[in-house]
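J.: Provided below: entry11.csv, containing CSV, C-alpha atoms and all ligand atoms.
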chain,number,residue,atom,x,y,z
A,806,MET,CA,11.3,25.9,3.5
A,807,PRO,CA,11.6,25.1,7.2
A,808,GLN,CA,14.6,23.0,8.2
A,809,GLN,CA,14.5,20.0,10.5
A,810,ARG,CA,17.1,17.9,12.4
A,811,LEU,CA,18.7,15.2,10.3
A,812,ASP,CA,17.6,12.3,12.6
A,813,LYS,CA,14.0,13.6,12.4
A,814,LEU,CA,14.2,13.8,8.6
A,815,LEU,CA,15.5,10.3,8.4
A,816,ALA,CA,12.9,9.0,10.8
A,817,SER,CA,10.1,10.7,8.8
A,818,THR,CA,10.7,8.2,6.0
A,819,GLY,CA,9.3,5.4,8.2
A,820,ARG,CA,12.4,3.3,7.6
A,821,TRP,CA,14.2,4.1,10.9
A,822,SER,CA,13.1,5.1,14.3
A,823,ARG,CA,14.6,8.3,15.7
A,824,LYS,CA,17.1,6.3,17.7
A,825,GLU,CA,18.2,4.2,14.7
A,826,ALA,CA,18.5,7.4,12.6
A,827,ARG,CA,20.7,8.9,15.3
A,828,ASP,CA,22.9,5.8,15.3
A,829,LEU,CA,23.2,5.9,11.5
A,830,VAL,CA,24.6,9.4,11.7
A,831,ARG,CA,26.9,8.6,14.6
A,832,GLN,CA,28.3,5.6,12.6
A,833,GLY,CA,29.2,8.0,9.7
A,834,ARG,CA,26.7,6.3,7.3
A,835,VAL,CA,24.8,9.4,6.4
A,836,SER,CA,25.9,12.1,3.9
A,837,VAL,CA,24.3,15.3,2.8
A,838,GLN,CA,25.4,16.8,-0.5
A,839,ASN,CA,28.3,14.2,-0.6
A,840,ARG,CA,29.6,15.3,2.8
A,841,THR,CA,29.4,12.9,5.7
A,842,ALA,CA,27.1,14.3,8.3
A,843,LEU,CA,28.8,14.7,11.7
A,844,ARG,CA,25.8,15.3,14.0
A,845,GLU,CA,22.2,14.2,14.2
A,846,ASP,CA,21.1,17.7,15.1
A,847,GLU,CA,22.4,19.3,11.9
A,848,LYS,CA,19.4,20.9,10.2
A,849,TYR,CA,18.3,20.6,6.5
A,850,GLU,CA,15.2,21.0,4.3
A,851,ASP,CA,13.3,17.9,3.5
A,852,SER,CA,14.4,18.3,-0.2
A,853,ALA,CA,18.2,18.1,0.8
A,854,PRO,CA,20.1,15.3,-1.1
A,855,ILE,CA,20.5,12.9,1.8
A,856,SER,CA,22.1,9.5,1.4
A,857,VAL,CA,22.5,6.5,3.7
A,858,ASP,CA,25.3,4.1,2.9
A,859,GLY,CA,25.6,6.0,-0.5
A,860,ALA,CA,22.0,5.4,-1.5
A,861,PRO,CA,19.7,8.4,-1.8
A,862,VAL,CA,16.9,8.7,0.7
A,863,ASP,CA,13.7,10.6,0.2
A,864,CYS,CA,12.8,12.6,3.3
A,865,SER,CA,9.6,14.2,2.1
A,866,PRO,CA,7.0,14.8,4.8
A,867,PHE,CA,4.7,11.9,4.1
A,868,VAL,CA,5.2,8.2,4.8
A,869,TYR,CA,4.2,5.5,2.2
A,870,LEU,CA,4.4,1.9,3.2
A,871,MET,CA,3.6,-1.2,1.2
A,872,LEU,CA,2.1,-3.9,3.3
A,873,HIS,CA,1.4,-7.5,2.4
A,874,LYS,CA,-1.9,-7.8,4.3
A,875,PRO,CA,-2.4,-11.2,6.0
A,876,GLN,CA,-5.8,-12.7,6.6
A,877,GLY,CA,-7.5,-12.0,9.9
A,878,LEU,CA,-6.7,-8.3,10.3
A,879,LEU,CA,-9.0,-5.4,9.6
A,880,SER,CA,-8.1,-2.6,7.1
A,881,ALA,CA,-8.8,0.1,9.7
A,882,THR,CA,-6.8,2.2,12.1
A,883,ARG,CA,-8.4,0.8,15.2
A,884,ASP,CA,-11.1,-1.6,16.4
A,885,LYS,CA,-12.3,-2.6,19.8
A,886,ASN,CA,-12.4,-6.4,19.1
A,887,THR,CA,-10.2,-7.2,16.2
A,888,PRO,CA,-6.5,-6.4,15.4
A,889,THR,CA,-6.0,-4.0,12.6
A,890,VAL,CA,-3.2,-3.7,10.0
A,891,LEU,CA,-1.7,-0.9,12.0
A,892,ASP,CA,-0.9,-3.4,14.8
A,893,LEU,CA,1.8,-4.8,12.4
A,894,LEU,CA,3.8,-1.5,12.6
A,895,PRO,CA,6.3,-0.4,15.2
A,896,GLU,CA,5.2,2.2,17.8
A,897,HIS,CA,7.0,5.1,16.1
A,898,LEU,CA,4.9,4.5,12.9
A,899,ARG,CA,1.6,3.8,14.7
A,900,ARG,CA,1.9,7.3,16.3
A,901,ARG,CA,2.2,9.0,12.9
A,902,GLY,CA,-1.5,8.8,12.0
A,903,LEU,CA,-1.1,6.4,9.1
A,904,PHE,CA,-4.2,4.8,7.5
A,905,PRO,CA,-4.9,2.2,4.9
A,906,ALA,CA,-5.6,3.8,1.5
A,907,GLY,CA,-8.5,1.6,0.5
A,908,ARG,CA,-9.9,-1.4,2.3
A,909,LEU,CA,-9.5,-5.1,1.9
A,910,ASP,CA,-11.9,-7.5,3.6
A,911,LYS,CA,-10.7,-9.3,6.7
A,912,ASP,CA,-10.1,-12.5,4.8
A,913,THR,CA,-8.4,-10.8,1.8
A,914,THR,CA,-4.6,-10.7,1.5
A,915,GLY,CA,-2.2,-8.7,-0.6
A,916,LEU,CA,-1.3,-5.2,-1.4
A,917,LEU,CA,-2.3,-2.4,1.0
A,918,LEU,CA,-0.8,1.0,1.0
A,919,LEU,CA,-0.4,2.7,4.4
A,920,THR,CA,0.2,6.4,4.3
A,921,ASP,CA,-0.6,9.7,6.0
A,922,ASP,CA,-0.9,11.5,2.6
A,923,GLY,CA,-4.7,12.2,2.4
A,924,ASP,CA,-4.4,13.8,-1.1
A,925,LEU,CA,-2.8,10.7,-2.5
A,926,ALA,CA,-5.3,8.4,-0.9
A,927,HIS,CA,-8.1,10.5,-2.4
A,928,ALA,CA,-6.5,10.4,-5.9
A,929,LEU,CA,-6.1,6.6,-5.7
A,930,LEU,CA,-9.6,5.9,-4.4
A,931,SER,CA,-11.7,8.5,-6.1
A,932,PRO,CA,-14.4,6.8,-8.1
A,933,LYS,CA,-13.8,9.4,-10.9
A,934,ARG,CA,-10.2,8.4,-11.3
A,935,HIS,CA,-10.8,4.7,-12.3
A,936,VAL,CA,-7.4,3.5,-11.0
A,937,ASP,CA,-6.9,-0.2,-11.9
A,938,LYS,CA,-6.9,-2.7,-9.1
A,939,VAL,CA,-5.8,-6.2,-9.9
A,940,TYR,CA,-6.7,-9.2,-7.8
A,941,PHE,CA,-6.0,-12.9,-7.9
A,942,ALA,CA,-9.0,-14.9,-7.0
A,943,ARG,CA,-9.6,-18.6,-6.5
A,944,VAL,CA,-13.2,-19.8,-7.0
A,945,ASP,CA,-15.5,-22.6,-6.3
A,946,GLY,CA,-16.6,-23.7,-9.7
A,947,ARG,CA,-15.2,-22.8,-13.1
A,948,LEU,CA,-15.0,-19.5,-14.9
A,949,THR,CA,-15.4,-19.6,-18.7
A,950,PRO,CA,-14.9,-17.3,-21.7
A,951,ALA,CA,-18.7,-16.4,-21.3
A,952,ASP,CA,-17.8,-14.9,-17.9
A,953,GLN,CA,-15.0,-12.9,-19.5
A,954,GLU,CA,-17.4,-11.5,-22.0
A,955,ALA,CA,-20.0,-10.7,-19.4
A,956,LEU,CA,-17.5,-8.8,-17.2
A,957,ALA,CA,-16.1,-7.0,-20.2
A,958,GLN,CA,-19.6,-5.7,-21.0
A,959,GLY,CA,-20.2,-4.6,-17.4
A,960,LEU,CA,-22.1,-6.8,-15.0
A,961,VAL,CA,-25.3,-5.7,-13.4
A,962,LEU,CA,-25.5,-7.5,-10.0
A,963,PRO,CA,-28.7,-9.0,-8.6
A,964,ASP,CA,-29.1,-6.0,-6.3
A,965,GLY,CA,-29.0,-3.7,-9.3
A,966,LEU,CA,-25.4,-2.4,-8.9
A,967,ALA,CA,-24.1,-1.7,-12.4
A,968,CYS,CA,-20.4,-2.5,-12.5
A,969,LEU,CA,-17.9,-0.8,-14.9
A,970,PRO,CA,-16.4,-3.2,-17.5
A,971,ALA,CA,-13.8,-5.4,-15.8
A,972,GLY,CA,-10.9,-7.6,-17.1
A,973,LEU,CA,-10.9,-11.3,-16.4
A,974,GLU,CA,-8.0,-13.6,-17.2
A,975,LEU,CA,-8.7,-17.2,-16.7
A,976,LEU,CA,-6.1,-19.3,-14.8
A,977,GLU,CA,-5.9,-22.9,-13.7
A,978,GLU,CA,-8.6,-23.9,-16.2
A,979,GLY,CA,-11.1,-21.4,-14.8
A,980,ARG,CA,-10.7,-22.4,-11.1
A,981,ALA,CA,-8.8,-19.1,-10.6
A,982,CYS,CA,-8.5,-15.8,-12.3
A,983,ARG,CA,-6.8,-12.4,-12.4
A,984,ILE,CA,-9.6,-9.8,-12.3
A,985,THR,CA,-9.0,-6.1,-13.0
A,986,LEU,CA,-11.5,-3.5,-11.6
A,987,ARG,CA,-11.5,0.2,-12.2
A,988,GLU,CA,-13.7,0.9,-9.2
A,989,GLY,CA,-13.9,-0.4,-5.6
A,990,LYS,CA,-17.4,-1.0,-4.3
A,991,TYR,CA,-18.0,-3.0,-1.1
A,992,HIS,CA,-17.1,-6.7,-1.6
A,993,GLN,CA,-17.0,-6.1,-5.3
A,994,VAL,CA,-14.9,-9.0,-6.5
A,995,LYS,CA,-16.8,-11.5,-4.4
A,996,ARG,CA,-20.2,-10.1,-5.5
A,997,MET,CA,-19.2,-10.1,-9.2
A,998,LEU,CA,-17.9,-13.7,-9.2
A,999,GLU,CA,-20.7,-15.0,-7.0
A,1000,ALA,CA,-23.1,-13.5,-9.6
A,1001,ARG,CA,-21.4,-15.6,-12.2
A,1002,GLY,CA,-21.9,-18.7,-10.1
A,1003,ALA,CA,-18.2,-18.9,-9.0
A,1004,PRO,CA,-18.0,-17.9,-5.3
A,1005,VAL,CA,-14.6,-16.7,-4.2
A,1006,THR,CA,-12.7,-19.0,-1.9
A,1007,ALA,CA,-9.4,-16.9,-1.7
A,1008,LEU,CA,-8.7,-13.3,-2.7
A,1009,LYS,CA,-5.4,-11.4,-3.0
A,1010,ARG,CA,-4.8,-7.9,-4.3
A,1011,LEU,CA,-1.8,-7.8,-6.6
A,1012,SER,CA,-1.6,-4.2,-7.7
A,1013,MET,CA,-3.2,-0.7,-7.5
A,1014,GLY,CA,-2.4,1.6,-10.3
A,1015,PRO,CA,1.3,1.7,-10.8
A,1016,LEU,CA,2.0,0.0,-7.4
A,1017,ALA,CA,2.5,-3.8,-7.5
A,1018,LEU,CA,2.8,-6.1,-4.5
A,1019,ASP,CA,6.5,-7.0,-3.8
A,1020,GLU,CA,6.3,-10.8,-3.8
A,1021,ALA,CA,9.4,-10.8,-1.5
A,1022,LEU,CA,7.1,-9.6,1.3
A,1023,GLU,CA,5.5,-12.4,3.2
A,1024,PRO,CA,2.0,-11.8,4.6
A,1025,GLY,CA,2.3,-9.5,7.5
A,1026,GLN,CA,5.6,-7.9,6.2
A,1027,TRP,CA,5.8,-4.3,5.0
A,1028,ARG,CA,8.4,-1.9,3.6
A,1029,ALA,CA,8.8,1.7,2.7
A,1030,LEU,CA,8.1,2.4,-1.0
A,1031,SER,CA,11.1,2.9,-3.2
A,1032,LEU,CA,11.7,6.3,-4.7
A,1033,GLU,CA,10.6,5.0,-8.1
A,1034,GLU,CA,7.3,3.5,-6.7
A,1035,LYS,CA,6.6,6.7,-4.9
A,1036,THR,CA,7.3,8.9,-7.9
A,1037,ALA,CA,4.9,6.8,-10.0
A,1038,LEU,CA,2.2,7.0,-7.4
A,1039,LEU,CA,2.5,10.7,-6.7
A,1040,ALA,CA,2.1,11.3,-10.5
A,1041,LEU,CA,-1.6,10.4,-9.8
A,1042,LYS,CA,-2.1,13.4,-7.5
B,1101,LIG,N1,-13.3,-7.1,-3.5
B,1101,LIG,C1,-13.8,-7.9,-2.5
B,1101,LIG,O1,-14.8,-8.6,-2.6
B,1101,LIG,N2,-13.0,-7.9,-1.4
B,1101,LIG,C2,-11.9,-7.2,-1.2
B,1101,LIG,O2,-11.3,-7.3,-0.1
B,1101,LIG,C3,-11.5,-6.4,-2.2
B,1101,LIG,C4,-12.2,-6.3,-3.4
Could you express the structure from this file as structure tokens?
T.:
Amino acid sequence: MPQQRLDKLLASTGRWSRKEARDLVRQGRVSVQNRTALREDEKYEDSAPISVDGAPVDCSPFVYLMLHKPQGLLSATRDKNTPTVLDLLPEHLRRRGLFPAGRLDKDTTGLLLLTDDGDLAHALLSPKRHVDKVYFARVDGRLTPADQEALAQGLVLPDGLACLPAGLELLEEGRACRITLREGKYHQVKRMLEARGAPVTALKRLSMGPLALDEALEPGQWRALSLEEKTALLALK
């Protein structure tokens, strides 16, 4: 396995810039194999047991960030006219070639995974894998147990799209719901609920497979995945 400089390994996690990583080492806050690192140019493999302030840090080659997507940004890497979710990241992360694993509409908020791990994105999004995606939706009108039943059977939309069976939990006396899809067609939640006479007025993604939105993140905020979150996601690969 090739070795890399310690500051580069730390920066590869997406949690620190190269300069911040260098400062951590110089402040004596980084240890490798329980020995305090002395210089930022010491070289290690990305599997080395590296800790910062005593907490283990995973320095594998890919970056995985959880973003609470706000309204008004595109789930894209760049756009001529509209800001994208990547505009929320600092320069050192924008340069890494991260992309959103799956799209949310411009007006949808909630969980978005940003990564440079193409294999993971493929495993999460592949139509064959049926990874659960859970959304909170507020609707105009009222959803009822009949809607639950219809979604559980598998809706056929007016344009002929046959949806897989979906879960619907009624909230706020049917004016809101938690809906669980096992696929991700264009505008799918909006089209399904519209077809039931309950157009969506607000939509937020709560989870994707094992990854749940950290409610401590305000819209527009992001953080690196914890080791546990990452391990759970990578098990899908
Ligand atoms: N379904 C939608 O209609 N919109 C989204 O952004 C996500 C799922």
J.: Got a sec: who's within 6 Å of range 855-860 of chain A, counting only C-alpha atoms, leaving out chain neighbours fewer than 5 positions off, as an MDAnalysis selection string?
T.: chainID A and resid 834:837
J.: Output the neighbourhood of ligand LIG 1101 (chain B) as a PyMOL selection string, that is, all protein and nucleic acid residues with some atom at most 9 Å from the ligand, counting all atoms listed in the file.
T.: chain A and resi 907-914+938+940+986+989-998+1005+1008-1010
J.: Would you kindly return, as a short mmCIF file (atom, residue, chain, number, x, y, z; two decimals) with C-alpha atoms, keeping the file's coordinate frame, each protein, DNA or RNA residue with an atom no farther than 10 Å from any atom of range 893-906 of chain A, considering only C-alpha atoms and excluding same-chain residues fewer than 3 positions away?
T.:
data_model
loop_
_atom_site.label_atom_id
_atom_site.label_comp_id
_atom_site.auth_asym_id
_atom_site.auth_seq_id
_atom_site.Cartn_x
_atom_site.Cartn_y
_atom_site.Cartn_z
CA ALA A 816 12.90 9.00 10.80
CA SER A 817 10.10 10.70 8.80
CA THR A 818 10.70 8.20 6.00
CA GLY A 819 9.30 5.40 8.20
CA ARG A 820 12.40 3.30 7.60
CA TRP A 821 14.20 4.10 10.90
CA SER A 822 13.10 5.10 14.30
CA ARG A 823 14.60 8.30 15.70
CA PHE A 867 4.70 11.90 4.10
CA VAL A 868 5.20 8.20 4.80
CA TYR A 869 4.20 5.50 2.20
CA LEU A 870 4.40 1.90 3.20
CA MET A 871 3.60 -1.20 1.20
CA LEU A 872 2.10 -3.90 3.30
CA LYS A 874 -1.90 -7.80 4.30
CA PRO A 875 -2.40 -11.20 6.00
CA LEU A 878 -6.70 -8.30 10.30
CA LEU A 879 -9.00 -5.40 9.60
CA SER A 880 -8.10 -2.60 7.10
CA ALA A 881 -8.80 0.10 9.70
CA THR A 882 -6.80 2.20 12.10
CA ARG A 883 -8.40 0.80 15.20
CA PRO A 888 -6.50 -6.40 15.40
CA THR A 889 -6.00 -4.00 12.60
CA VAL A 890 -3.20 -3.70 10.00
CA LEU A 909 -9.50 -5.10 1.90
CA LEU A 917 -2.30 -2.40 1.00
CA LEU A 918 -0.80 1.00 1.00
CA LEU A 919 -0.40 2.70 4.40
CA THR A 920 0.20 6.40 4.30
CA ASP A 921 -0.60 9.70 6.00
CA ASP A 922 -0.90 11.50 2.60
CA GLY A 923 -4.70 12.20 2.40
CA LEU A 925 -2.80 10.70 -2.50
CA ALA A 926 -5.30 8.40 -0.90
CA HIS A 927 -8.10 10.50 -2.40
CA ALA A 928 -6.50 10.40 -5.90
CA LEU A 929 -6.10 6.60 -5.70
CA LEU A 930 -9.60 5.90 -4.40
CA GLY A 1025 2.30 -9.50 7.50
CA GLN A 1026 5.60 -7.90 6.20
CA TRP A 1027 5.80 -4.30 5.00
#
J.: Quick one, how far is CA of Leu1039 in chain A from CA of Arg987 in chain A?
T.: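 Result for CA of Leu1039 in chain A versus CA of Arg987 in chain A: 18.3 Å, one decimal.
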J.: Need the shell around Met1013 in chain A: protein/DNA/RNA residues with any atom at most 8 Å away, counting all atoms listed in the file. Skip same-chain ones fewer than 6 positions apart. Format as a list of chain:residue names?
T.: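 Listed by chain and then number, they are A:Leu916, A:Val936, A:Asp937, A:Lys938, A:Val939.
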J.: Using all atoms listed in the file, which residue out of A:Ala842, A:Leu891, A:Leu815, A:Leu1038 lies closest to Pro866 in chain A?
T.: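 Among the listed residues, A:Leu815 lies closest to Pro866 in chain A.
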J.: Considering all atoms listed in the file, return as a VMD selection string whatever protein or nucleic-acid residues lie within 10 Å of Glu978 in chain A, sequence-local ones (same chain, fewer than 3 positions apart) excluded.
T.: chain A and resid 947 to 949 975 981 to 982
J.: So how far away is CA of Arg1001 in chain A from CA of Leu956 in chain A, in Å?
T.: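 Separation between CA of Leu956 in chain A and CA of Arg1001 in chain A: 9.3 Å.
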J.: Tell me, in Å to one decimal, how far CA of Gly946 in chain A is from CA of Glu999 in chain A.
T.: 10.0 Å
J.: Skipping near chain neighbours, those fewer than 6 positions away, what residues fall within 10 Å of range 851-853 of chain A using only C-alpha atoms, listed as a PyMOL selection string?
T.: chain A and resi 806-811+813-815+817+837-838+862-866
J.: Can I get the selected residues back with C-alpha atoms, as a PDB file, in the coordinates of the input?
T.:
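selection-v1.pdb written:
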ATOM      1  CA  MET A 806      11.300  25.900   3.500  1.00  0.00           C
ATOM      2  CA  PRO A 807      11.600  25.100   7.200  1.00  0.00           C
ATOM      3  CA  GLN A 808      14.600  23.000   8.200  1.00  0.00           C
ATOM      4  CA  GLN A 809      14.500  20.000  10.500  1.00  0.00           C
ATOM      5  CA  ARG A 810      17.100  17.900  12.400  1.00  0.00           C
ATOM      6  CA  LEU A 811      18.700  15.200  10.300  1.00  0.00           C
ATOM      7  CA  LYS A 813      14.000  13.600  12.400  1.00  0.00           C
ATOM      8  CA  LEU A 814      14.200  13.800   8.600  1.00  0.00           C
ATOM      9  CA  LEU A 815      15.500  10.300   8.400  1.00  0.00           C
ATOM     10  CA  SER A 817      10.100  10.700   8.800  1.00  0.00           C
ATOM     11  CA  VAL A 837      24.300  15.300   2.800  1.00  0.00           C
ATOM     12  CA  GLN A 838      25.400  16.800  -0.500  1.00  0.00           C
ATOM     13  CA  VAL A 862      16.900   8.700   0.700  1.00  0.00           C
ATOM     14  CA  ASP A 863      13.700  10.600   0.200  1.00  0.00           C
ATOM     15  CA  CYS A 864      12.800  12.600   3.300  1.00  0.00           C
ATOM     16  CA  SER A 865       9.600  14.200   2.100  1.00  0.00           C
ATOM     17  CA  PRO A 866       7.000  14.800   4.800  1.00  0.00           C
TER      18      PRO A 866
END
